[in-house]
$ cat start_0.pdb   # PDB, C-alpha atoms, pLDDT in the B column
MODEL        1
ATOM      1  CA  MET A   1     108.854-224.661  73.568  1.00 42.00           C
ATOM      2  CA  SER A   2     111.779-225.575  75.805  1.00 47.00           C
ATOM      3  CA  VAL A   3     112.912-223.530  78.783  1.00 49.00           C
ATOM      4  CA  ALA A   4     116.163-222.704  76.990  1.00 52.00           C
ATOM      5  CA  SER A   5     114.345-221.258  73.979  1.00 54.00           C
ATOM      6  CA  ALA A   6     111.859-219.369  76.178  1.00 60.00           C
ATOM      7  CA  CYS A   7     114.641-217.527  78.001  1.00 75.00           C
ATOM      8  CA  GLN A   8     116.976-215.802  75.584  1.00 93.00           C
ATOM      9  CA  ILE A   9     116.483-212.060  76.022  1.00 96.00           C
ATOM     10  CA  GLY A  10     117.298-211.919  79.739  1.00 96.00           C
ATOM     11  CA  PRO A  11     120.594-213.798  79.414  1.00 96.00           C
ATOM     12  CA  MET A  12     121.632-211.419  76.615  1.00 95.00           C
ATOM     13  CA  ILE A  13     120.912-208.409  78.820  1.00 97.00           C
ATOM     14  CA  ALA A  14     122.629-210.135  81.775  1.00 97.00           C
ATOM     15  CA  ASP A  15     125.788-210.618  79.682  1.00 96.00           C
ATOM     16  CA  SER A  16     126.067-206.860  79.260  1.00 96.00           C
ATOM     17  CA  ALA A  17     125.386-206.316  82.959  1.00 98.00           C
ATOM     18  CA  ARG A  18     128.118-208.769  83.961  1.00 98.00           C
ATOM     19  CA  LEU A  19     130.616-206.986  81.720  1.00 97.00           C
ATOM     20  CA  GLY A  20     129.750-203.579  83.218  1.00 97.00           C
ATOM     21  CA  VAL A  21     129.872-204.856  86.803  1.00 98.00           C
ATOM     22  CA  ALA A  22     133.244-206.520  86.191  1.00 98.00           C
ATOM     23  CA  TYR A  23     134.584-203.264  84.742  1.00 97.00           C
ATOM     24  CA  ALA A  24     133.269-201.368  87.782  1.00 98.00           C
ATOM     25  CA  GLN A  25     135.037-203.876  90.051  1.00 97.00           C
ATOM     26  CA  ARG A  26     138.338-203.336  88.218  1.00 97.00           C
ATOM     27  CA  LEU A  27     138.027-199.557  88.394  1.00 97.00           C
ATOM     28  CA  LEU A  28     137.192-199.654  92.095  1.00 97.00           C
ATOM     29  CA  ALA A  29     140.588-201.182  92.845  1.00 95.00           C
ATOM     30  CA  GLY A  30     143.004-198.744  94.456  1.00 95.00           C
ATOM     31  CA  ILE A  31     140.500-195.993  95.220  1.00 97.00           C
ATOM     32  CA  PRO A  32     141.189-194.784  98.761  1.00 96.00           C
ATOM     33  CA  ALA A  33     138.082-194.572 100.953  1.00 97.00           C
ATOM     34  CA  ASP A  34     138.915-190.962 101.841  1.00 96.00           C
ATOM     35  CA  ARG A  35     138.779-189.972  98.119  1.00 96.00           C
ATOM     36  CA  PHE A  36     135.640-191.948  97.269  1.00 98.00           C
ATOM     37  CA  ALA A  37     133.262-188.981  97.728  1.00 98.00           C
ATOM     38  CA  ARG A  38     135.659-186.302  96.542  1.00 97.00           C
ATOM     39  CA  LEU A  39     135.571-184.381  93.306  1.00 97.00           C
ATOM     40  CA  ALA A  40     138.756-184.623  91.293  1.00 95.00           C
ATOM     41  CA  THR A  41     140.965-181.559  91.309  1.00 91.00           C
ATOM     42  CA  VAL A  42     143.321-180.432  88.596  1.00 87.00           C
ATOM     43  CA  ASP A  43     145.748-177.614  89.321  1.00 89.00           C
ATOM     44  CA  GLY A  44     143.805-176.815  92.495  1.00 89.00           C
ATOM     45  CA  HIS A  45     140.451-176.525  90.711  1.00 92.00           C
ATOM     46  CA  ALA A  46     137.626-178.949  91.414  1.00 92.00           C
ATOM     47  CA  ILE A  47     136.290-180.652  88.311  1.00 93.00           C
ATOM     48  CA  GLU A  48     132.514-180.834  88.357  1.00 90.00           C
ATOM     49  CA  SER A  49     132.202-184.452  87.361  1.00 92.00           C
ATOM     50  CA  ASN A  50     130.675-187.339  89.257  1.00 97.00           C
ATOM     51  CA  HIS A  51     132.882-188.925  91.924  1.00 98.00           C
ATOM     52  CA  PRO A  52     132.836-192.658  92.740  1.00 98.00           C
ATOM     53  CA  ALA A  53     130.374-192.338  95.650  1.00 98.00           C
ATOM     54  CA  PHE A  54     127.820-190.717  93.391  1.00 98.00           C
ATOM     55  CA  ILE A  55     128.471-193.074  90.485  1.00 98.00           C
ATOM     56  CA  PHE A  56     128.129-196.287  92.505  1.00 98.00           C
ATOM     57  CA  GLY A  57     125.230-194.894  94.554  1.00 98.00           C
ATOM     58  CA  HIS A  58     123.369-193.699  91.472  1.00 98.00           C
ATOM     59  CA  LEU A  59     123.834-197.001  89.670  1.00 98.00           C
ATOM     60  CA  SER A  60     122.637-198.918  92.734  1.00 98.00           C
ATOM     61  CA  LEU A  61     119.152-197.423  92.297  1.00 98.00           C
ATOM     62  CA  TYR A  62     118.230-199.131  89.027  1.00 98.00           C
ATOM     63  CA  PRO A  63     118.506-202.903  89.635  1.00 98.00           C
ATOM     64  CA  SER A  64     115.465-202.860  91.937  1.00 98.00           C
ATOM     65  CA  ARG A  65     113.378-201.621  89.014  1.00 96.00           C
ATOM     66  CA  ILE A  66     114.588-204.492  86.867  1.00 97.00           C
ATOM     67  CA  VAL A  67     113.891-207.064  89.549  1.00 98.00           C
ATOM     68  CA  SER A  68     110.412-205.811  90.422  1.00 97.00           C
ATOM     69  CA  GLU A  69     109.351-205.192  86.806  1.00 96.00           C
ATOM     70  CA  LEU A  70     110.287-208.789  85.993  1.00 96.00           C
ATOM     71  CA  GLY A  71     108.017-209.985  88.801  1.00 96.00           C
ATOM     72  CA  ALA A  72     110.628-210.876  91.414  1.00 97.00           C
ATOM     73  CA  ASP A  73     111.042-209.617  94.976  1.00 98.00           C
ATOM     74  CA  ALA A  74     113.273-206.544  95.106  1.00 98.00           C
ATOM     75  CA  ALA A  75     112.825-205.872  98.850  1.00 98.00           C
ATOM     76  CA  THR A  76     116.449-206.676  99.726  1.00 98.00           C
ATOM     77  CA  ILE A  77     117.821-204.164  97.209  1.00 98.00           C
ATOM     78  CA  GLU A  78     115.148-201.472  97.275  1.00 98.00           C
ATOM     79  CA  PRO A  79     116.889-198.109  97.752  1.00 97.00           C
ATOM     80  CA  SER A  80     116.066-196.131 100.865  1.00 97.00           C
ATOM     81  CA  ASP A  81     114.586-192.653 100.653  1.00 97.00           C
ATOM     82  CA  GLU A  82     118.032-191.296 101.586  1.00 97.00           C
ATOM     83  CA  TYR A  83     119.687-193.141  98.700  1.00 98.00           C
ATOM     84  CA  VAL A  84     117.125-191.738  96.299  1.00 97.00           C
ATOM     85  CA  ARG A  85     117.699-188.239  97.696  1.00 97.00           C
ATOM     86  CA  TRP A  86     121.504-188.538  97.412  1.00 97.00           C
ATOM     87  CA  PHE A  87     121.755-190.410  94.115  1.00 98.00           C
ATOM     88  CA  ASP A  88     118.654-189.814  91.993  1.00 97.00           C
ATOM     89  CA  HIS A  89     119.218-188.513  88.462  1.00 95.00           C
ATOM     90  CA  ARG A  90     118.031-185.096  89.665  1.00 95.00           C
ATOM     91  CA  ALA A  91     120.505-185.018  92.590  1.00 97.00           C
ATOM     92  CA  ALA A  92     123.722-183.040  92.328  1.00 96.00           C
ATOM     93  CA  CYS A  93     127.037-184.741  92.956  1.00 97.00           C
ATOM     94  CA  VAL A  94     128.822-182.670  95.605  1.00 97.00           C
ATOM     95  CA  ASP A  95     132.278-182.791  97.097  1.00 97.00           C
ATOM     96  CA  ASP A  96     132.295-184.435 100.539  1.00 97.00           C
ATOM     97  CA  PRO A  97     135.705-183.636 102.080  1.00 95.00           C
ATOM     98  CA  ASP A  98     134.663-184.479 105.651  1.00 94.00           C
ATOM     99  CA  GLY A  99     132.645-187.619 104.870  1.00 94.00           C
ATOM    100  CA  GLY A 100     129.454-186.136 106.286  1.00 95.00           C
ATOM    101  CA  ILE A 101     127.198-186.183 103.223  1.00 97.00           C
ATOM    102  CA  TYR A 102     127.372-189.634 101.645  1.00 98.00           C
ATOM    103  CA  PRO A 103     127.445-193.096 103.228  1.00 98.00           C
ATOM    104  CA  PRO A 104     130.829-194.842 103.526  1.00 98.00           C
ATOM    105  CA  MET A 105     132.489-196.435 100.504  1.00 98.00           C
ATOM    106  CA  ASP A 106     131.897-200.009 101.703  1.00 98.00           C
ATOM    107  CA  GLU A 107     128.176-199.448 102.184  1.00 98.00           C
ATOM    108  CA  ILE A 108     127.677-197.875  98.769  1.00 98.00           C
ATOM    109  CA  THR A 109     129.717-200.449  96.872  1.00 98.00           C
ATOM    110  CA  GLU A 110     128.123-203.391  98.713  1.00 98.00           C
ATOM    111  CA  ARG A 111     124.693-202.070  97.693  1.00 98.00           C
ATOM    112  CA  PHE A 112     125.836-201.644  94.095  1.00 98.00           C
ATOM    113  CA  PHE A 113     127.245-205.173  93.778  1.00 98.00           C
ATOM    114  CA  ALA A 114     124.390-206.872  95.668  1.00 98.00           C
ATOM    115  CA  ALA A 115     121.743-205.071  93.622  1.00 98.00           C
ATOM    116  CA  HIS A 116     123.388-205.928  90.328  1.00 98.00           C
ATOM    117  CA  ALA A 117     123.950-209.555  91.338  1.00 98.00           C
ATOM    118  CA  LEU A 118     120.229-209.978  92.045  1.00 98.00           C
ATOM    119  CA  ALA A 119     119.241-208.190  88.835  1.00 98.00           C
ATOM    120  CA  ILE A 120     121.532-210.459  86.818  1.00 98.00           C
ATOM    121  CA  GLU A 121     120.066-213.536  88.504  1.00 98.00           C
ATOM    122  CA  VAL A 122     116.510-212.397  87.742  1.00 98.00           C
ATOM    123  CA  LEU A 123     117.394-211.427  84.157  1.00 97.00           C
ATOM    124  CA  GLN A 124     118.891-214.882  83.587  1.00 96.00           C
ATOM    125  CA  ALA A 125     115.687-216.619  84.681  1.00 95.00           C
ATOM    126  CA  ALA A 126     113.019-214.356  83.188  1.00 95.00           C
ATOM    127  CA  ASP A 127     110.869-215.655  80.376  1.00 94.00           C
ATOM    128  CA  ASP A 128     111.122-213.677  77.149  1.00 94.00           C
ATOM    129  CA  SER A 129     107.456-212.695  77.407  1.00 94.00           C
ATOM    130  CA  ARG A 130     108.352-210.448  80.366  1.00 95.00           C
ATOM    131  CA  PHE A 131     110.590-208.259  78.187  1.00 96.00           C
ATOM    132  CA  VAL A 132     108.061-207.351  75.489  1.00 95.00           C
ATOM    133  CA  VAL A 133     105.701-205.619  77.934  1.00 94.00           C
ATOM    134  CA  GLU A 134     105.256-201.868  77.461  1.00 96.00           C
ATOM    135  CA  ASN A 135     107.757-199.826  79.481  1.00 95.00           C
ATOM    136  CA  PRO A 136     105.903-198.551  82.579  1.00 93.00           C
ATOM    137  CA  ASN A 137     108.245-195.532  82.774  1.00 92.00           C
ATOM    138  CA  GLU A 138     106.177-193.035  80.808  1.00 94.00           C
ATOM    139  CA  ALA A 139     108.958-190.450  80.683  1.00 93.00           C
ATOM    140  CA  MET A 140     111.313-192.935  78.996  1.00 94.00           C
ATOM    141  CA  ARG A 141     108.771-194.846  76.879  1.00 96.00           C
ATOM    142  CA  ALA A 142     109.425-192.840  73.706  1.00 96.00           C
ATOM    143  CA  LYS A 143     113.089-193.893  73.840  1.00 97.00           C
ATOM    144  CA  PHE A 144     112.600-197.401  75.267  1.00 97.00           C
ATOM    145  CA  ALA A 145     109.202-198.806  74.313  1.00 97.00           C
ATOM    146  CA  THR A 146     109.470-202.113  76.186  1.00 97.00           C
ATOM    147  CA  ILE A 147     110.716-203.315  79.553  1.00 96.00           C
ATOM    148  CA  GLY A 148     113.418-205.255  77.717  1.00 96.00           C
ATOM    149  CA  SER A 149     114.799-202.197  75.962  1.00 97.00           C
ATOM    150  CA  MET A 150     114.651-200.155  79.194  1.00 97.00           C
ATOM    151  CA  HIS A 151     116.415-202.854  81.202  1.00 97.00           C
ATOM    152  CA  GLY A 152     119.010-203.321  78.483  1.00 97.00           C
ATOM    153  CA  PHE A 153     119.779-199.626  78.809  1.00 97.00           C
ATOM    154  CA  TYR A 154     119.888-199.674  82.621  1.00 97.00           C
ATOM    155  CA  VAL A 155     122.572-202.362  82.769  1.00 97.00           C
ATOM    156  CA  GLY A 156     124.164-201.625  79.399  1.00 96.00           C
ATOM    157  CA  GLY A 157     124.535-198.080  78.144  1.00 95.00           C
ATOM    158  CA  HIS A 158     123.589-196.359  81.407  1.00 97.00           C
ATOM    159  CA  LEU A 159     125.937-198.493  83.484  1.00 98.00           C
ATOM    160  CA  MET A 160     128.858-198.071  81.089  1.00 97.00           C
ATOM    161  CA  LEU A 161     128.248-194.316  80.704  1.00 97.00           C
ATOM    162  CA  HIS A 162     128.719-193.810  84.428  1.00 97.00           C
ATOM    163  CA  ILE A 163     131.568-196.310  84.763  1.00 96.00           C
ATOM    164  CA  GLY A 164     133.265-194.311  82.000  1.00 96.00           C
ATOM    165  CA  GLN A 165     132.984-191.283  84.290  1.00 96.00           C
ATOM    166  CA  LEU A 166     134.769-193.332  86.948  1.00 97.00           C
ATOM    167  CA  SER A 167     137.578-194.104  84.509  1.00 96.00           C
ATOM    168  CA  ALA A 168     137.971-190.383  83.772  1.00 95.00           C
ATOM    169  CA  TRP A 169     137.856-189.505  87.505  1.00 96.00           C
ATOM    170  CA  ARG A 170     140.623-192.062  88.174  1.00 96.00           C
ATOM    171  CA  ARG A 171     142.822-190.424  85.535  1.00 95.00           C
ATOM    172  CA  MET A 172     142.164-186.945  86.939  1.00 94.00           C
ATOM    173  CA  ILE A 173     143.351-187.964  90.413  1.00 93.00           C
ATOM    174  CA  GLY A 174     146.365-189.856  89.067  1.00 93.00           C
ATOM    175  CA  LEU A 175     145.213-193.471  89.522  1.00 93.00           C
ATOM    176  CA  GLY A 176     145.329-194.302  85.837  1.00 85.00           C
ATOM    177  CA  PRO A 177     142.609-195.945  83.765  1.00 83.00           C
ATOM    178  CA  GLY A 178     142.252-199.013  85.998  1.00 78.00           C
TER
ENDMDL
END

$ encode --input "start_0.pdb" --output "structure tokens"
Amino acid sequence: MSVASACQIGPMIADSARLGVAYAQRLLAGIPADRFARLATVDGHAIESNHPAFIFGHLSLYPSRIVSELGADAATIEPSDEYVRWFDHRAACVDDPDGGIYPPMDEITERFFAAHALAIEVLQAADDSRFVVENPNEAMRAKFATIGSMHGFYVGGHLMLHIGQLSAWRRMIGLGPG
């Protein structure tokens, strides 16, 4: 079996990841740093929807799982305890008008893009046999039985779901769809 035929699943998943990351990059354009961790407001009322700081921070948590579960070194992108506390799926997205809750925009977005770049690189190189292993995430195993299906979700549906929230947030604050 050639290397090309042994590595087909990862590149397919990576294609979806690249599309989502490129869309995130486009939607990031024009967002002022002082609005990055702010809830959108409409007619003076805050809309309880995720703001960009939460979206990018939350999405930065998942690539390390992909990298480590595919047998590569995720040390450079492993989220800190603070990032997990701020951005875990159980964390609440809160308005940060004074910039005292969340890290700065540049830090969060650099983590997001670096983590996804490494995950894409590892996905591209992983042998197909790595993707058919049982999903180690017991809570998600009924929905995503294998590592491949879980990772496809992380950088496919999950990524685009949250980037869609960013598109809506942009519209709410008057930046347009991006």

$ residues_around --input "start_0.pdb" --residues "Leu59 (chain A)" --least-positions-apart "6" --cutoff "8 Å" --atoms "only C-alpha atoms" --output "list in words"
Phe112, Leu159 and His162 of chain A

$ atom_distance --input "start_0.pdb" --atom1 "CA of Phe54 (chain A)" --atom2 "CA of Val94 (chain A)"
8.4 Å

$ resolve_selection --input "start_0.pdb" --expression "the PyMOL selection byres ((chain A and resi 153) around 12)" --output "PDB file with C-alpha atoms, in the frame of the given file"
ATOM      1  CA  ILE A  13     120.912-208.409  78.820  1.00 97.00           C
ATOM      2  CA  ALA A  14     122.629-210.135  81.775  1.00 97.00           C
ATOM      3  CA  SER A  16     126.067-206.860  79.260  1.00 96.00           C
ATOM      4  CA  ALA A  17     125.386-206.316  82.959  1.00 98.00           C
ATOM      5  CA  GLY A  20     129.750-203.579  83.218  1.00 97.00           C
ATOM      6  CA  LEU A  59     123.834-197.001  89.670  1.00 98.00           C
ATOM      7  CA  TYR A  62     118.230-199.131  89.027  1.00 98.00           C
ATOM      8  CA  PRO A  63     118.506-202.903  89.635  1.00 98.00           C
ATOM      9  CA  ILE A  66     114.588-204.492  86.867  1.00 97.00           C
ATOM     10  CA  MET A 140     111.313-192.935  78.996  1.00 94.00           C
ATOM     11  CA  LYS A 143     113.089-193.893  73.840  1.00 97.00           C
ATOM     12  CA  PHE A 144     112.600-197.401  75.267  1.00 97.00           C
ATOM     13  CA  ALA A 145     109.202-198.806  74.313  1.00 97.00           C
ATOM     14  CA  THR A 146     109.470-202.113  76.186  1.00 97.00           C
ATOM     15  CA  ILE A 147     110.716-203.315  79.553  1.00 96.00           C
ATOM     16  CA  GLY A 148     113.418-205.255  77.717  1.00 96.00           C
ATOM     17  CA  SER A 149     114.799-202.197  75.962  1.00 97.00           C
ATOM     18  CA  MET A 150     114.651-200.155  79.194  1.00 97.00           C
ATOM     19  CA  HIS A 151     116.415-202.854  81.202  1.00 97.00           C
ATOM     20  CA  GLY A 152     119.010-203.321  78.483  1.00 97.00           C
ATOM     21  CA  TYR A 154     119.888-199.674  82.621  1.00 97.00           C
ATOM     22  CA  VAL A 155     122.572-202.362  82.769  1.00 97.00           C
ATOM     23  CA  GLY A 156     124.164-201.625  79.399  1.00 96.00           C
ATOM     24  CA  GLY A 157     124.535-198.080  78.144  1.00 95.00           C
ATOM     25  CA  HIS A 158     123.589-196.359  81.407  1.00 97.00           C
ATOM     26  CA  LEU A 159     125.937-198.493  83.484  1.00 98.00           C
ATOM     27  CA  MET A 160     128.858-198.071  81.089  1.00 97.00           C
ATOM     28  CA  LEU A 161     128.248-194.316  80.704  1.00 97.00           C
TER      29      LEU A 161
END

$ atom_distance --input "start_0.pdb" --atom1 "CA of Gln124 (chain A)" --atom2 "CA of Gly10 (chain A)"
5.1 Å

$ closest_residue --input "start_0.pdb" --among "A:Val21, A:Ala37, A:Leu175, A:Val67" --to "Asn50 (chain A)" --atoms "all atoms listed in the file"
A:Ala37

$ atom_distance --input "start_0.pdb" --atom1 "CA of Arg141 (chain A)" --atom2 "CA of Arg65 (chain A)"
14.6 Å

$ closest_residue --input "start_0.pdb" --among "A:His58, A:His116, A:Arg26, A:Arg85" --to "Ile101 (chain A)" --atoms "all atoms listed in the file"
A:Arg85

$ closest_residue --input "start_0.pdb" --among "A:Asp15, A:Asp43, A:Glu107, A:Asp34" --to "Asp95 (chain A)" --atoms "all atoms listed in the file"
A:Asp34

$ closest_residue --input "start_0.pdb" --among "A:Ser129, A:Ser80, A:Gln25, A:Ser167" --to "His51 (chain A)" --atoms "only C-alpha atoms"
A:Ser167

$ residues_near_point --input "start_0.pdb" --point "(116.8, -214.4, 85.9)" --cutoff "10 Å" --atoms "all atoms listed in the file" --output "list in words"
Cys7, Gly10, Pro11, Ala14, Val67, Leu70, Ala72, Leu118, Ala119, Ile120, Glu121, Val122, Leu123, Gln124, Ala125, Ala126 and Asp127 of chain A

$ closest_residue --input "start_0.pdb" --among "A:His89, A:Ile55, A:Met172, A:Tyr83" --to "Phe36 (chain A)" --atoms "only C-alpha atoms"
A:Ile55
